[in-house]
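**Student:** Before I ask anything, here is the structure I am working with.
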Amino acid sequence: MSPERSTRITEILRKHESEILSDWVREQSESIARRRDLISDQELKTQSKEFLGLLAEAVRNGGLEDVSRGREWTAVREMLAGISRSRSIQGFTPSETATFVFSLKPALFRRIRDDLVKDAGELFEEVRRADELLDRLGLYTTEVYQKNREEVILRQQQDMLELSTPVVKLWEGVLALPMIGTLDSARTQVVMETLLQRIVETGAEVAILDITGVPTVDTLTAQHLLKTVTAARLMGADCIISGIRPQIAQTIVHLGVALGDVTTKATLADAFAAALKRLNLAVGRAAVARG
Amino acid sequence: MTVERNEAHEIRTANDIVRVRQRIREWAVEAGFSLVDQTKIVTAASELARNTLEHGGGGIARIELLADGGRRGVRLICEDRGPGIADIQLALKDGYTSRNGLGLGLGGARRLVNDFAIESRPGEGTRVTVTRWR
């Protein structure tokens, strides 16, 4: 495609704006007939009219090149991004969202044909250009849709990282770290850092790592646990690993992992009792006052 | 012995290992495994899938639900086109590691299952097949 050659699309868009709009809106209401529940006819019409206006202007000022970066196309891109975002919230699929742009093809092609019917070469060229343009814009909505999804997932992952590693103080000098889910390396790194930080802040002497909420303990998980224990020990805190269920105990034995001299307990309560004992503390029933 | 069902999972990222573990657990529950047996095959799957990712540079994990007479089982086949293992006996030895792991993964996985087979050719890849019966 030679960029110097001007396109007739601008002129066709301007001349037949109202016909193209009504054809396009009809096309859309037919193709998304099942999604009436998600978007009103009025909203659809307003969006379509605005888009058509912006499109005509962008083609006039910026030509057909550089749709994805050009300054003249900024308004069109912003509008499509907005539509993509709002439709993904409304519950449209990416295909349904892209259909907003793709469904403009029949209406536009029809007008191009009507105007250029005498020159087959030019007709073909303009249809090809319009086709390519709308394909790019349609794909752009899909890209934005996907990017939004990725952002949501990333945010959730980060939320999880922080949520799942609370260090709680059980008693003066006793910290507990209830671990939940998969102990992959990124998580374990956060776990280790928060624990060490809290050991410094509180001057804790005992830290309990509770793995009741960790479904699988394999060699990597075990290695991460052992590293955490070693690091805590270097900071002056003893570690107790609790929440070792029978099936986990058996698996650890088969794997051949040696927990060495790390104290382990079946439940968090047992670990807490052991921690109190180590600090020479005892919990007893309060003497009942007699009247 | 018949394969009642099978499916394949690509292993490209650490999240794929989590998915393989979850599927293995689901199928082990379906096959009627006890909690201990579920945990064993899931842990073995975790070791093998991680080997496929870290040493094989990614690959495929195939899971099969087996029936043999009255008993049922779950099989996992992890396959990669990585560098392969030159000395399988050494790789199976406890404490031997080519990186900085504990060196217990492969041998540990073997102890956690009923049937264990490993084929590897240097430069071509590795296939590990494990089966746990109820």
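Residue numbering restarts at 1 in every chain; chains get A, B, ... in the order shown in the structure tokens, and ligands count up from 1 in that same order.
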Pull out every residue of chain B that has at least one atom within 9 Å of chain A, counting only C-alpha atoms, and report them as a ChimeraX atom specification.
**Tutor:** /B:14,18,21,35-40,42-44,46-47,94,101-112
**Student:** Keeping only N, CA and C atoms, write the selected residues to a file as a compact mmCIF listing (two decimals), in the first residue's frame.
**Tutor:**
```
# COMPACT_ATOMS: atom_id res chain seq x y z
N ALA B 14 5.99 -22.29 36.58
CA ALA B 14 5.79 -22.89 37.89
C ALA B 14 4.29 -23.12 38.17
N VAL B 18 1.63 -26.48 39.65
CA VAL B 18 0.49 -26.45 40.57
C VAL B 18 -0.72 -27.12 39.93
N ARG B 21 -0.38 -30.90 39.87
CA ARG B 21 -0.65 -31.43 41.22
C ARG B 21 -2.13 -31.50 41.51
N LEU B 35 -6.03 -40.78 51.88
CA LEU B 35 -5.36 -39.48 51.97
C LEU B 35 -3.84 -39.63 51.86
N VAL B 36 -3.31 -40.68 52.47
CA VAL B 36 -1.86 -40.90 52.42
C VAL B 36 -1.42 -41.19 50.98
N ASP B 37 -2.16 -42.07 50.29
CA ASP B 37 -1.80 -42.40 48.91
C ASP B 37 -1.94 -41.20 47.98
N GLN B 38 -3.00 -40.40 48.20
CA GLN B 38 -3.17 -39.17 47.41
C GLN B 38 -1.93 -38.30 47.57
N THR B 39 -1.55 -38.09 48.84
CA THR B 39 -0.43 -37.20 49.12
C THR B 39 0.86 -37.71 48.48
N LYS B 40 1.02 -39.04 48.49
CA LYS B 40 2.25 -39.61 47.91
C LYS B 40 2.33 -39.36 46.41
N VAL B 42 0.71 -37.16 44.64
CA VAL B 42 0.75 -35.72 44.37
C VAL B 42 2.17 -35.18 44.58
N THR B 43 2.81 -35.65 45.65
CA THR B 43 4.17 -35.18 45.94
C THR B 43 5.14 -35.66 44.87
N ALA B 44 4.98 -36.94 44.45
CA ALA B 44 5.84 -37.46 43.38
C ALA B 44 5.65 -36.63 42.11
N SER B 46 4.73 -33.58 41.89
CA SER B 46 5.34 -32.27 42.09
C SER B 46 6.84 -32.31 41.80
N GLU B 47 7.50 -33.35 42.30
CA GLU B 47 8.95 -33.50 42.06
C GLU B 47 9.24 -33.65 40.56
N ASP B 94 20.43 -40.51 46.45
CA ASP B 94 20.02 -39.47 47.38
C ASP B 94 21.16 -38.51 47.65
N GLY B 101 19.55 -28.04 44.72
CA GLY B 101 18.41 -28.58 45.46
C GLY B 101 18.89 -29.53 46.54
N LEU B 102 17.95 -30.27 47.13
CA LEU B 102 18.31 -31.22 48.18
C LEU B 102 18.84 -32.52 47.57
N GLY B 103 18.57 -32.73 46.28
CA GLY B 103 19.03 -33.96 45.64
C GLY B 103 18.22 -35.18 46.03
N LEU B 104 16.96 -34.95 46.39
CA LEU B 104 16.13 -36.07 46.83
C LEU B 104 14.90 -36.27 45.95
N GLY B 105 14.71 -35.37 44.99
CA GLY B 105 13.47 -35.37 44.21
C GLY B 105 13.22 -36.66 43.44
N LEU B 106 14.18 -37.05 42.61
CA LEU B 106 13.95 -38.20 41.73
C LEU B 106 13.87 -39.50 42.53
N GLY B 107 14.85 -39.69 43.44
CA GLY B 107 14.83 -40.89 44.27
C GLY B 107 13.62 -40.91 45.19
N GLY B 108 13.27 -39.74 45.71
CA GLY B 108 12.09 -39.63 46.58
C GLY B 108 10.83 -40.00 45.83
N ALA B 109 10.71 -39.50 44.59
CA ALA B 109 9.53 -39.80 43.78
C ALA B 109 9.43 -41.31 43.56
N ARG B 110 10.59 -41.96 43.35
CA ARG B 110 10.57 -43.41 43.13
C ARG B 110 10.04 -44.15 44.35
N ARG B 111 10.41 -43.65 45.55
CA ARG B 111 9.95 -44.32 46.77
C ARG B 111 8.48 -44.06 47.06
N LEU B 112 7.90 -43.03 46.44
CA LEU B 112 6.51 -42.66 46.73
C LEU B 112 5.51 -43.37 45.84
```
**Student:** Pick out the residues sitting within 10 Å of Gln47 in chain A, and hand them over as a VMD selection string; count only C-alpha atoms, and ignore anything fewer than 4 positions along from it in its own chain.
**Tutor:** chain A and resid 25 41 to 43 51 to 52 79 to 80 83 100
**Student:** Please return as a ChimeraX atom specification: the residues of range 194-281 of chain A that backbone DSSP assigns to strand (DSSP E or B).
**Tutor:** /A:206-213,238-242,263-265
**Student:** Would you mind reading off the distance between CA of Lys45 in chain A and CA of Ser88 in chain A, one decimal, in Å?
**Tutor:**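 Calculated distance between CA of Lys45 in chain A and CA of Ser88 in chain A is 18.6 Å.
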